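This is input30.pdb (PDB, C-alpha atoms, pLDDT in the B column).
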ATOM      1  CA  GLN A1047       1.026   8.224 -18.768  1.00 66.00           C
ATOM      2  CA  LYS A1048       1.242   6.823 -15.269  1.00 72.00           C
ATOM      3  CA  GLU A1049      -1.397   4.289 -14.315  1.00 85.00           C
ATOM      4  CA  VAL A1050      -2.452   6.286 -11.254  1.00 90.00           C
ATOM      5  CA  GLU A1051      -1.692   9.990 -10.958  1.00 90.00           C
ATOM      6  CA  GLN A1052      -1.931  12.278  -7.987  1.00 92.00           C
ATOM      7  CA  ASN A1053      -0.803  15.807  -7.296  1.00 84.00           C
ATOM      8  CA  SER A1054       2.115  15.381  -4.912  1.00 78.00           C
ATOM      9  CA  GLY A1055       1.303  18.576  -3.037  1.00 81.00           C
ATOM     10  CA  PRO A1056       1.936  19.662  -0.429  1.00 90.00           C
ATOM     11  CA  LEU A1057      -1.663  20.627   0.119  1.00 94.00           C
ATOM     12  CA  SER A1058      -2.276  22.930   3.077  1.00 96.00           C
ATOM     13  CA  VAL A1059      -5.760  23.260   4.529  1.00 96.00           C
ATOM     14  CA  PRO A1060      -6.891  25.211   7.591  1.00 97.00           C
ATOM     15  CA  GLU A1061      -8.243  23.206  10.493  1.00 97.00           C
ATOM     16  CA  GLY A1062     -11.976  22.712  10.195  1.00 97.00           C
ATOM     17  CA  ALA A1063     -12.044  23.200   6.414  1.00 97.00           C
ATOM     18  CA  ILE A1064     -12.639  20.590   3.715  1.00 97.00           C
ATOM     19  CA  ALA A1065      -9.590  18.907   2.192  1.00 97.00           C
ATOM     20  CA  SER A1066     -10.043  17.695  -1.368  1.00 96.00           C
ATOM     21  CA  LEU A1067      -7.684  15.103  -2.796  1.00 96.00           C
ATOM     22  CA  ASN A1068      -7.801  14.024  -6.404  1.00 95.00           C
ATOM     23  CA  CYS A1069      -6.632  11.044  -8.406  1.00 94.00           C
ATOM     24  CA  THR A1070      -6.882  10.012 -12.041  1.00 93.00           C
ATOM     25  CA  TYR A1071      -6.204   6.635 -13.576  1.00 90.00           C
ATOM     26  CA  SER A1072      -5.395   5.609 -17.092  1.00 88.00           C
ATOM     27  CA  ASP A1073      -7.275   2.395 -17.792  1.00 78.00           C
ATOM     28  CA  ARG A1074     -10.958   1.625 -18.105  1.00 73.00           C
ATOM     29  CA  VAL A1075     -10.680  -1.898 -16.718  1.00 73.00           C
ATOM     30  CA  SER A1076     -10.118  -1.081 -13.052  1.00 71.00           C
ATOM     31  CA  GLN A1077     -13.102  -1.844 -10.869  1.00 76.00           C
ATOM     32  CA  SER A1078     -11.900  -1.168  -7.344  1.00 87.00           C
ATOM     33  CA  PHE A1079     -10.373   1.961  -5.913  1.00 91.00           C
ATOM     34  CA  PHE A1080      -8.894   2.661  -2.535  1.00 93.00           C
ATOM     35  CA  TRP A1081      -7.633   5.548  -0.475  1.00 95.00           C
ATOM     36  CA  TYR A1082      -4.877   4.896   2.030  1.00 94.00           C
ATOM     37  CA  ARG A1083      -3.423   7.246   4.620  1.00 96.00           C
ATOM     38  CA  GLN A1084       0.263   6.999   5.457  1.00 95.00           C
ATOM     39  CA  TYR A1085       1.930   8.786   8.318  1.00 95.00           C
ATOM     40  CA  SER A1086       5.649   9.422   8.054  1.00 91.00           C
ATOM     41  CA  GLY A1087       7.614   6.261   8.810  1.00 90.00           C
ATOM     42  CA  LYS A1088       4.493   4.128   9.010  1.00 93.00           C
ATOM     43  CA  SER A1089       2.749   1.754   6.635  1.00 93.00           C
ATOM     44  CA  PRO A1090      -0.441   2.672   4.756  1.00 93.00           C
ATOM     45  CA  GLU A1091      -3.789   2.448   6.480  1.00 92.00           C
ATOM     46  CA  LEU A1092      -6.942   1.786   4.483  1.00 90.00           C
ATOM     47  CA  ILE A1093      -9.427   4.644   4.756  1.00 93.00           C
ATOM     48  CA  MET A1094     -11.960   4.073   2.010  1.00 92.00           C
ATOM     49  CA  SER A1095     -12.804   1.674  -0.765  1.00 91.00           C
ATOM     50  CA  ILE A1096     -15.150   2.482  -3.611  1.00 92.00           C
ATOM     51  CA  TYR A1097     -16.380   0.277  -6.413  1.00 88.00           C
ATOM     52  CA  SER A1098     -19.364   2.073  -7.967  1.00 86.00           C
ATOM     53  CA  ASN A1099     -19.879   5.454  -9.559  1.00 89.00           C
ATOM     54  CA  GLY A1100     -21.018   8.125  -7.172  1.00 92.00           C
ATOM     55  CA  ASP A1101     -20.259   9.014  -3.584  1.00 93.00           C
ATOM     56  CA  LYS A1102     -19.475   6.865  -0.589  1.00 93.00           C
ATOM     57  CA  GLU A1103     -19.437   8.432   2.847  1.00 94.00           C
ATOM     58  CA  ASP A1104     -17.814   7.173   6.030  1.00 94.00           C
ATOM     59  CA  GLY A1105     -17.705   9.616   8.893  1.00 96.00           C
ATOM     60  CA  ARG A1106     -15.752  12.686   7.852  1.00 97.00           C
ATOM     61  CA  PHE A1107     -14.558  11.007   4.669  1.00 97.00           C
ATOM     62  CA  THR A1108     -16.322  10.910   1.306  1.00 97.00           C
ATOM     63  CA  ALA A1109     -14.940   9.093  -1.698  1.00 96.00           C
ATOM     64  CA  GLN A1110     -16.197   9.977  -5.150  1.00 96.00           C
ATOM     65  CA  LEU A1111     -15.785   7.846  -8.248  1.00 93.00           C
ATOM     66  CA  ASN A1112     -16.456   8.812 -11.845  1.00 91.00           C
ATOM     67  CA  LYS A1113     -15.525   5.949 -14.134  1.00 88.00           C
ATOM     68  CA  ALA A1114     -16.380   7.831 -17.321  1.00 88.00           C
ATOM     69  CA  SER A1115     -13.860  10.509 -16.416  1.00 89.00           C
ATOM     70  CA  GLN A1116     -11.469   7.999 -14.789  1.00 90.00           C
ATOM     71  CA  TYR A1117     -11.377  10.113 -11.692  1.00 91.00           C
ATOM     72  CA  VAL A1118     -11.577   9.324  -7.998  1.00 95.00           C
ATOM     73  CA  SER A1119     -11.440  11.815  -5.157  1.00 96.00           C
ATOM     74  CA  LEU A1120     -11.408  11.945  -1.387  1.00 97.00           C
ATOM     75  CA  LEU A1121     -13.007  14.712   0.655  1.00 97.00           C
ATOM     76  CA  ILE A1122     -12.149  15.167   4.309  1.00 97.00           C
ATOM     77  CA  ARG A1123     -14.616  17.341   6.197  1.00 98.00           C
ATOM     78  CA  ASP A1124     -13.817  19.227   9.382  1.00 97.00           C
ATOM     79  CA  SER A1125     -10.098  18.646   8.848  1.00 97.00           C
ATOM     80  CA  GLN A1126      -8.086  17.953  11.980  1.00 97.00           C
ATOM     81  CA  PRO A1127      -4.335  18.264  12.584  1.00 96.00           C
ATOM     82  CA  SER A1128      -4.262  14.488  12.929  1.00 96.00           C
ATOM     83  CA  ASP A1129      -5.325  14.247   9.287  1.00 97.00           C
ATOM     84  CA  SER A1130      -1.901  15.580   8.270  1.00 97.00           C
ATOM     85  CA  ALA A1131      -0.361  12.699   6.325  1.00 96.00           C
ATOM     86  CA  THR A1132       0.297  11.438   2.824  1.00 95.00           C
ATOM     87  CA  TYR A1133      -2.781  10.077   1.082  1.00 96.00           C
ATOM     88  CA  LEU A1134      -2.288   7.329  -1.457  1.00 95.00           C
ATOM     89  CA  CYS A1135      -4.787   6.532  -4.159  1.00 95.00           C
ATOM     90  CA  ALA A1136      -4.748   2.978  -5.478  1.00 92.00           C
ATOM     91  CA  ARG A1137      -6.597   0.996  -8.078  1.00 90.00           C
ATOM     92  CA  PHE A1138      -6.963  -2.755  -8.158  1.00 85.00           C
ATOM     93  CA  GLY A1139      -6.513  -4.390 -11.516  1.00 80.00           C
ATOM     94  CA  ASN A1140      -4.638  -7.381 -12.962  1.00 78.00           C
ATOM     95  CA  GLU A1141      -4.800  -8.908  -9.478  1.00 78.00           C
ATOM     96  CA  LYS A1142      -2.692  -6.222  -7.859  1.00 83.00           C
ATOM     97  CA  LEU A1143      -2.848  -2.742  -6.398  1.00 87.00           C
ATOM     98  CA  THR A1144      -1.188   0.093  -8.239  1.00 89.00           C
ATOM     99  CA  PHE A1145      -0.505   3.175  -6.171  1.00 92.00           C
ATOM    100  CA  GLY A1146      -0.198   6.800  -7.040  1.00 92.00           C
ATOM    101  CA  THR A1147       2.741   8.742  -5.694  1.00 90.00           C
ATOM    102  CA  GLY A1148       0.612  10.225  -2.926  1.00 93.00           C
ATOM    103  CA  THR A1149      -0.494  13.707  -1.909  1.00 95.00           C
ATOM    104  CA  ARG A1150       1.038  15.222   1.194  1.00 95.00           C
ATOM    105  CA  LEU A1151      -1.664  16.972   3.221  1.00 96.00           C
ATOM    106  CA  THR A1152      -0.950  19.418   6.014  1.00 96.00           C
ATOM    107  CA  ILE A1153      -3.739  20.705   8.255  1.00 97.00           C
ATOM    108  CA  ILE A1154      -2.889  24.101   9.660  1.00 96.00           C
ATOM    109  CA  PRO A1155      -4.162  24.696  13.215  1.00 93.00           C
TER
ATOM    110  CA  GLY B1240     -10.074  -7.382  12.646  1.00 66.00           C
ATOM    111  CA  ALA B1241      -7.759  -7.625   9.618  1.00 81.00           C
ATOM    112  CA  VAL B1242      -4.494  -7.283  11.501  1.00 90.00           C
ATOM    113  CA  VAL B1243      -1.198  -7.970   9.778  1.00 94.00           C
ATOM    114  CA  SER B1244       2.070  -8.158  11.672  1.00 96.00           C
ATOM    115  CA  GLN B1245       5.646  -7.952  10.452  1.00 97.00           C
ATOM    116  CA  HIS B1246       8.831  -8.951  12.152  1.00 97.00           C
ATOM    117  CA  PRO B1247      11.310  -7.474  12.682  1.00 97.00           C
ATOM    118  CA  SER B1248      10.234  -3.840  12.599  1.00 96.00           C
ATOM    119  CA  ARG B1249      13.772  -2.644  12.132  1.00 97.00           C
ATOM    120  CA  VAL B1250      16.989  -4.393  11.170  1.00 97.00           C
ATOM    121  CA  ILE B1251      20.526  -3.229  10.605  1.00 97.00           C
ATOM    122  CA  CYS B1252      22.925  -5.624   8.957  1.00 96.00           C
ATOM    123  CA  LYS B1253      26.309  -5.745   7.321  1.00 96.00           C
ATOM    124  CA  SER B1254      26.710  -5.846   3.584  1.00 97.00           C
ATOM    125  CA  GLY B1255      26.660  -9.402   2.256  1.00 96.00           C
ATOM    126  CA  THR B1256      24.436 -10.889   4.911  1.00 96.00           C
ATOM    127  CA  SER B1257      20.914 -12.198   4.432  1.00 97.00           C
ATOM    128  CA  VAL B1258      17.856 -10.872   6.213  1.00 97.00           C
ATOM    129  CA  LYS B1259      14.513 -12.619   6.660  1.00 97.00           C
ATOM    130  CA  ILE B1260      11.300 -10.657   7.170  1.00 97.00           C
ATOM    131  CA  GLU B1261       8.109 -12.343   8.321  1.00 97.00           C
ATOM    132  CA  CYS B1262       4.581 -11.258   7.500  1.00 96.00           C
ATOM    133  CA  ARG B1263       1.633 -12.768   9.343  1.00 95.00           C
ATOM    134  CA  SER B1264      -2.105 -12.278   9.056  1.00 93.00           C
ATOM    135  CA  LEU B1265      -3.321 -12.589  12.632  1.00 93.00           C
ATOM    136  CA  ASP B1266      -7.086 -12.874  12.388  1.00 89.00           C
ATOM    137  CA  PHE B1267      -7.810 -13.981   8.847  1.00 87.00           C
ATOM    138  CA  GLN B1268      -6.508 -16.312   6.208  1.00 88.00           C
ATOM    139  CA  ALA B1269      -4.693 -14.790   3.283  1.00 87.00           C
ATOM    140  CA  THR B1270      -4.340 -16.781   0.105  1.00 82.00           C
ATOM    141  CA  THR B1271      -2.418 -13.874  -1.361  1.00 88.00           C
ATOM    142  CA  MET B1272       0.210 -11.671   0.201  1.00 93.00           C
ATOM    143  CA  PHE B1273       2.129  -8.871  -1.417  1.00 94.00           C
ATOM    144  CA  TRP B1274       5.576  -7.462  -0.788  1.00 97.00           C
ATOM    145  CA  TYR B1275       6.285  -3.793  -1.407  1.00 96.00           C
ATOM    146  CA  ARG B1276       9.324  -1.600  -1.126  1.00 96.00           C
ATOM    147  CA  GLN B1277       9.209   2.107  -0.427  1.00 94.00           C
ATOM    148  CA  PHE B1278      12.125   4.507  -0.729  1.00 91.00           C
ATOM    149  CA  PRO B1279      12.034   7.859   1.087  1.00 86.00           C
ATOM    150  CA  LYS B1280       9.368  10.222  -0.229  1.00 82.00           C
ATOM    151  CA  LYS B1281       8.375   7.725  -2.896  1.00 86.00           C
ATOM    152  CA  SER B1282       5.286   5.607  -3.352  1.00 86.00           C
ATOM    153  CA  LEU B1283       4.959   1.923  -2.706  1.00 91.00           C
ATOM    154  CA  MET B1284       6.407  -0.266  -5.417  1.00 92.00           C
ATOM    155  CA  LEU B1285       5.132  -3.809  -5.676  1.00 94.00           C
ATOM    156  CA  MET B1286       7.958  -6.326  -5.637  1.00 96.00           C
ATOM    157  CA  ALA B1287       6.102  -9.601  -5.802  1.00 95.00           C
ATOM    158  CA  THR B1288       2.824 -11.375  -5.262  1.00 92.00           C
ATOM    159  CA  SER B1289       2.936 -14.398  -3.019  1.00 90.00           C
ATOM    160  CA  ASN B1290       0.342 -17.136  -3.255  1.00 86.00           C
ATOM    161  CA  GLU B1291       0.081 -19.850  -0.644  1.00 82.00           C
ATOM    162  CA  GLY B1292       1.547 -23.102  -1.863  1.00 81.00           C
ATOM    163  CA  SER B1293       2.896 -21.796  -5.138  1.00 83.00           C
ATOM    164  CA  LYS B1294       5.796 -19.771  -6.469  1.00 87.00           C
ATOM    165  CA  ALA B1295       5.742 -16.035  -6.109  1.00 92.00           C
ATOM    166  CA  THR B1296       5.153 -13.778  -9.091  1.00 93.00           C
ATOM    167  CA  TYR B1297       7.798 -11.088  -9.321  1.00 95.00           C
ATOM    168  CA  GLU B1298       7.406  -7.666 -10.879  1.00 94.00           C
ATOM    169  CA  GLN B1299       9.631  -6.641 -13.727  1.00 93.00           C
ATOM    170  CA  GLY B1300      13.075  -5.633 -12.546  1.00 93.00           C
ATOM    171  CA  VAL B1301      12.904  -7.495  -9.234  1.00 95.00           C
ATOM    172  CA  GLU B1302      15.495 -10.253  -8.930  1.00 94.00           C
ATOM    173  CA  LYS B1303      13.839 -13.444  -7.758  1.00 92.00           C
ATOM    174  CA  ASP B1304      17.140 -14.949  -6.664  1.00 94.00           C
ATOM    175  CA  LYS B1305      17.886 -11.962  -4.475  1.00 96.00           C
ATOM    176  CA  PHE B1306      14.457 -11.548  -2.919  1.00 96.00           C
ATOM    177  CA  LEU B1307      13.301 -15.016  -1.915  1.00 95.00           C
ATOM    178  CA  ILE B1308       9.649 -15.342  -1.017  1.00 94.00           C
ATOM    179  CA  ASN B1309       8.035 -18.265   0.745  1.00 90.00           C
ATOM    180  CA  HIS B1310       4.303 -18.452   1.455  1.00 88.00           C
ATOM    181  CA  ALA B1311       4.177 -21.626   3.496  1.00 83.00           C
ATOM    182  CA  SER B1312       0.734 -21.217   5.044  1.00 89.00           C
ATOM    183  CA  LEU B1313      -2.413 -19.140   4.775  1.00 89.00           C
ATOM    184  CA  THR B1314      -1.149 -16.830   7.509  1.00 92.00           C
ATOM    185  CA  LEU B1315       2.584 -16.548   6.897  1.00 94.00           C
ATOM    186  CA  SER B1316       4.804 -15.254   4.118  1.00 94.00           C
ATOM    187  CA  THR B1317       8.513 -14.543   4.378  1.00 95.00           C
ATOM    188  CA  LEU B1318      10.824 -12.351   2.339  1.00 97.00           C
ATOM    189  CA  THR B1319      14.531 -13.057   2.478  1.00 97.00           C
ATOM    190  CA  VAL B1320      16.895 -10.419   1.150  1.00 97.00           C
ATOM    191  CA  THR B1321      19.990 -12.394   0.208  1.00 96.00           C
ATOM    192  CA  SER B1322      23.468 -10.893   0.134  1.00 96.00           C
ATOM    193  CA  ALA B1323      22.107  -7.501   1.079  1.00 96.00           C
ATOM    194  CA  HIS B1324      23.875  -4.372  -0.092  1.00 96.00           C
ATOM    195  CA  PRO B1325      23.459  -0.718   0.920  1.00 96.00           C
ATOM    196  CA  GLU B1326      21.200  -0.056  -2.084  1.00 95.00           C
ATOM    197  CA  ASP B1327      18.755  -2.598  -0.629  1.00 96.00           C
ATOM    198  CA  SER B1328      18.203  -0.303   2.337  1.00 96.00           C
ATOM    199  CA  SER B1329      14.533   0.567   2.250  1.00 96.00           C
ATOM    200  CA  PHE B1330      11.167   0.243   3.967  1.00 97.00           C
ATOM    201  CA  TYR B1331       9.719  -3.174   3.188  1.00 98.00           C
ATOM    202  CA  ILE B1332       5.983  -3.562   3.670  1.00 97.00           C
ATOM    203  CA  CYS B1333       3.829  -6.609   3.269  1.00 96.00           C
ATOM    204  CA  SER B1334       0.101  -6.751   2.770  1.00 94.00           C
ATOM    205  CA  ALA B1335      -2.386  -9.548   2.999  1.00 92.00           C
ATOM    206  CA  GLN B1336      -5.522 -10.040   1.009  1.00 86.00           C
ATOM    207  CA  PRO B1337      -8.263 -12.029   2.708  1.00 81.00           C
ATOM    208  CA  ASP B1338      -9.635 -15.086   1.024  1.00 68.00           C
ATOM    209  CA  ILE B1339     -12.199 -13.988  -1.552  1.00 60.00           C
ATOM    210  CA  THR B1340     -14.853 -16.026   0.218  1.00 53.00           C
ATOM    211  CA  SER B1341     -14.565 -13.789   3.271  1.00 49.00           C
ATOM    212  CA  GLY B1342     -16.466 -10.975   1.563  1.00 49.00           C
ATOM    213  CA  ARG B1343     -13.540  -8.600   1.658  1.00 48.00           C
ATOM    214  CA  ALA B1344     -12.234  -9.360  -1.769  1.00 51.00           C
ATOM    215  CA  ALA B1345      -9.496  -7.165  -3.208  1.00 66.00           C
ATOM    216  CA  LYS B1346      -8.909  -5.179   0.004  1.00 77.00           C
ATOM    217  CA  GLN B1347      -5.360  -5.357   1.206  1.00 84.00           C
ATOM    218  CA  PHE B1348      -4.317  -4.838   4.778  1.00 89.00           C
ATOM    219  CA  PHE B1349      -0.789  -3.722   5.399  1.00 93.00           C
ATOM    220  CA  GLY B1350       1.719  -4.785   7.980  1.00 96.00           C
ATOM    221  CA  PRO B1351       3.596  -2.105   9.931  1.00 96.00           C
ATOM    222  CA  GLY B1352       6.671  -2.400   7.729  1.00 97.00           C
ATOM    223  CA  THR B1353      10.304  -3.345   8.253  1.00 97.00           C
ATOM    224  CA  ARG B1354      13.009  -0.747   7.925  1.00 97.00           C
ATOM    225  CA  LEU B1355      16.155  -2.364   6.586  1.00 97.00           C
ATOM    226  CA  THR B1356      19.492  -0.608   6.797  1.00 97.00           C
ATOM    227  CA  VAL B1357      22.479  -2.280   5.184  1.00 96.00           C
ATOM    228  CA  LEU B1358      25.835  -0.918   6.251  1.00 95.00           C
TER
END

Taking this structure as input, can you express it in the form of structure tokens?
Amino acid sequence: QKEVEQNSGPLSVPEGAIASLNCTYSDRVSQSFFWYRQYSGKSPELIMSIYSNGDKEDGRFTAQLNKASQYVSLLIRDSQPSDSATYLCARFGNEKLTFGTGTRLTIIP
Amino acid sequence: GAVVSQHPSRVICKSGTSVKIECRSLDFQATTMFWYRQFPKKSLMLMATSNEGSKATYEQGVEKDKFLINHASLTLSTLTVTSAHPEDSSFYICSAQPDITSGRAAKQFFGPGTRLTVL
């Protein structure tokens, strides 16, 4: 089992709708989780960090963490064409980040 | 804040030459920097962890003699790809982790990446 798993997509969402991205992880030790956005040919950009169970909201983004289920998600409300990118889930453990393979999101105008 | 720069952004070299990539944290001190490699349509793969003033820790399968890392100061780490070959062509990305005392522990901020093409 991979340490961090994501559905590679592509995920297509109409403009203005909610995009839901999911991620599962295999260990129970990880304490910190991150969502990064990566545009084609560019490096990742940190969108959200979450450390505690529950929801964390920042603008149009909401991260959800459920440690019992080893599950972390990212919701993007009012999706915009500029949100089209690959979203990488990462967990911090053993002093390093481990990334999922990313989910490619396309917002359809 | 939390800006990380990389230089060069793009490099093309002949097989057998060495290439040095610089990673700088511009507005914070980074006791730890990380070097990643990303192949097309793949995720980031950690190559090594670089700690200021000490030897880098390499991930399994990464040749330390081929990928030389120097973390000479709290704001600068360099990666040298020695005797580069076409299979080393990739997108190399560094990240910097602010000093834990800054209150931003564990977050990593990425540089813009360096695209290396070896002919």

Near range 1073-1086 of chain A, counting all atoms listed in the file, which residues have an atom at most 7 Å away, once you skip same-chain residues fewer than 4 positions from it, shown as a ChimeraX atom specification? /A:1090-1097,1131-1139

Residue hits in chain B, query chain A, radius 6 Å, all atoms listed in the file, as a compact mmCIF listing (two decimals) with C-alpha atoms, in the frame of the given file:
# COMPACT_ATOMS: atom_id res chain seq x y z
CA SER B 1282 5.29 5.61 -3.35
CA PRO B 1351 3.60 -2.10 9.93
CA GLY B 1352 6.67 -2.40 7.73

Residues selected by the PyMOL selection byres ((chain B and resi 1241) around 9), written as a compact mmCIF listing (two decimals) with C-alpha atoms, keeping the file's coordinate frame:
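Listed below is the output, part.txt:
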# COMPACT_ATOMS: atom_id res chain seq x y z
CA GLY B 1240 -10.07 -7.38 12.65
CA VAL B 1242 -4.49 -7.28 11.50
CA VAL B 1243 -1.20 -7.97 9.78
CA SER B 1264 -2.10 -12.28 9.06
CA LEU B 1265 -3.32 -12.59 12.63
CA ASP B 1266 -7.09 -12.87 12.39
CA PHE B 1267 -7.81 -13.98 8.85
CA ALA B 1335 -2.39 -9.55 3.00
CA PRO B 1337 -8.26 -12.03 2.71
CA PHE B 1348 -4.32 -4.84 4.78

Write out as a CSV table (one decimal) with C-alpha atoms, in the frame of the given file which residues come within 6 Å of Phe1306 in chain B when counting all atoms listed in the file, dropping same-chain ones fewer than 2 positions away.
chain,number,residue,atom,x,y,z
B,1303,LYS,CA,13.8,-13.4,-7.8
B,1304,ASP,CA,17.1,-14.9,-6.7
B,1319,THR,CA,14.5,-13.1,2.5
B,1320,VAL,CA,16.9,-10.4,1.2

Which distance in Å separates CA of Gly1300 in chain B and CA of Ser1054 in chain A, to one decimal? 24.9 Å

Under the PyMOL selection byres ((chain B and resi 1262) around 10), which residues of this model are included? Write them out as a PyMOL selection string. chain B and resi 1243-1247+1260-1261+1263-1265+1272-1274+1310+1314-1318+1332-1335+1349-1353

Asp1104 in chain A environment, 10 Å, all atoms listed in the file, sequence neighbours closer than 2 positions dropped, as a ChimeraX atom specification: /A:1093-1094,1102,1106-1109,1122

What does the structure give for the distance between CA of Ala1295 in chain B and CA of Leu1355 in chain B, in Å to one decimal?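 About the pair CA of Ala1295 in chain B and CA of Leu1355 in chain B: they are 21.4 Å apart.
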
Result set of the PyMOL selection byres ((chain B and resi 1250) around 9) on the coordinates above, as a VMD selection string: chain B and resid 1247 to 1249 1251 to 1252 1258 1353 to 1357

Rounded to one decimal in Å, what is the spacing between CA of Phe1330 in chain B and CA of Met1286 in chain B? 12.1 Å

May I have the protein, DNA and RNA residues with any atom at most 9 Å from the point (26.4, -7.5, 6.4), counting only C-alpha atoms, written as a count of residues only? 12

Neighbourhood query: residues within 8 Å of (5.7, -19.8, -2.9), file coordinates, counting all atoms listed in the file; return as JSON, numbers by chain. {"B": [1289, 1290, 1291, 1292, 1293, 1294, 1295, 1308, 1309, 1310, 1311]}

Applying 6 Å and all atoms listed in the file, which residues near range 1057-1070 of chain A remain after dropping the ones on its own chain fewer than 3 positions away? List them as a PyMOL selection string. chain A and resi 1050-1052+1116-1126+1151-1155
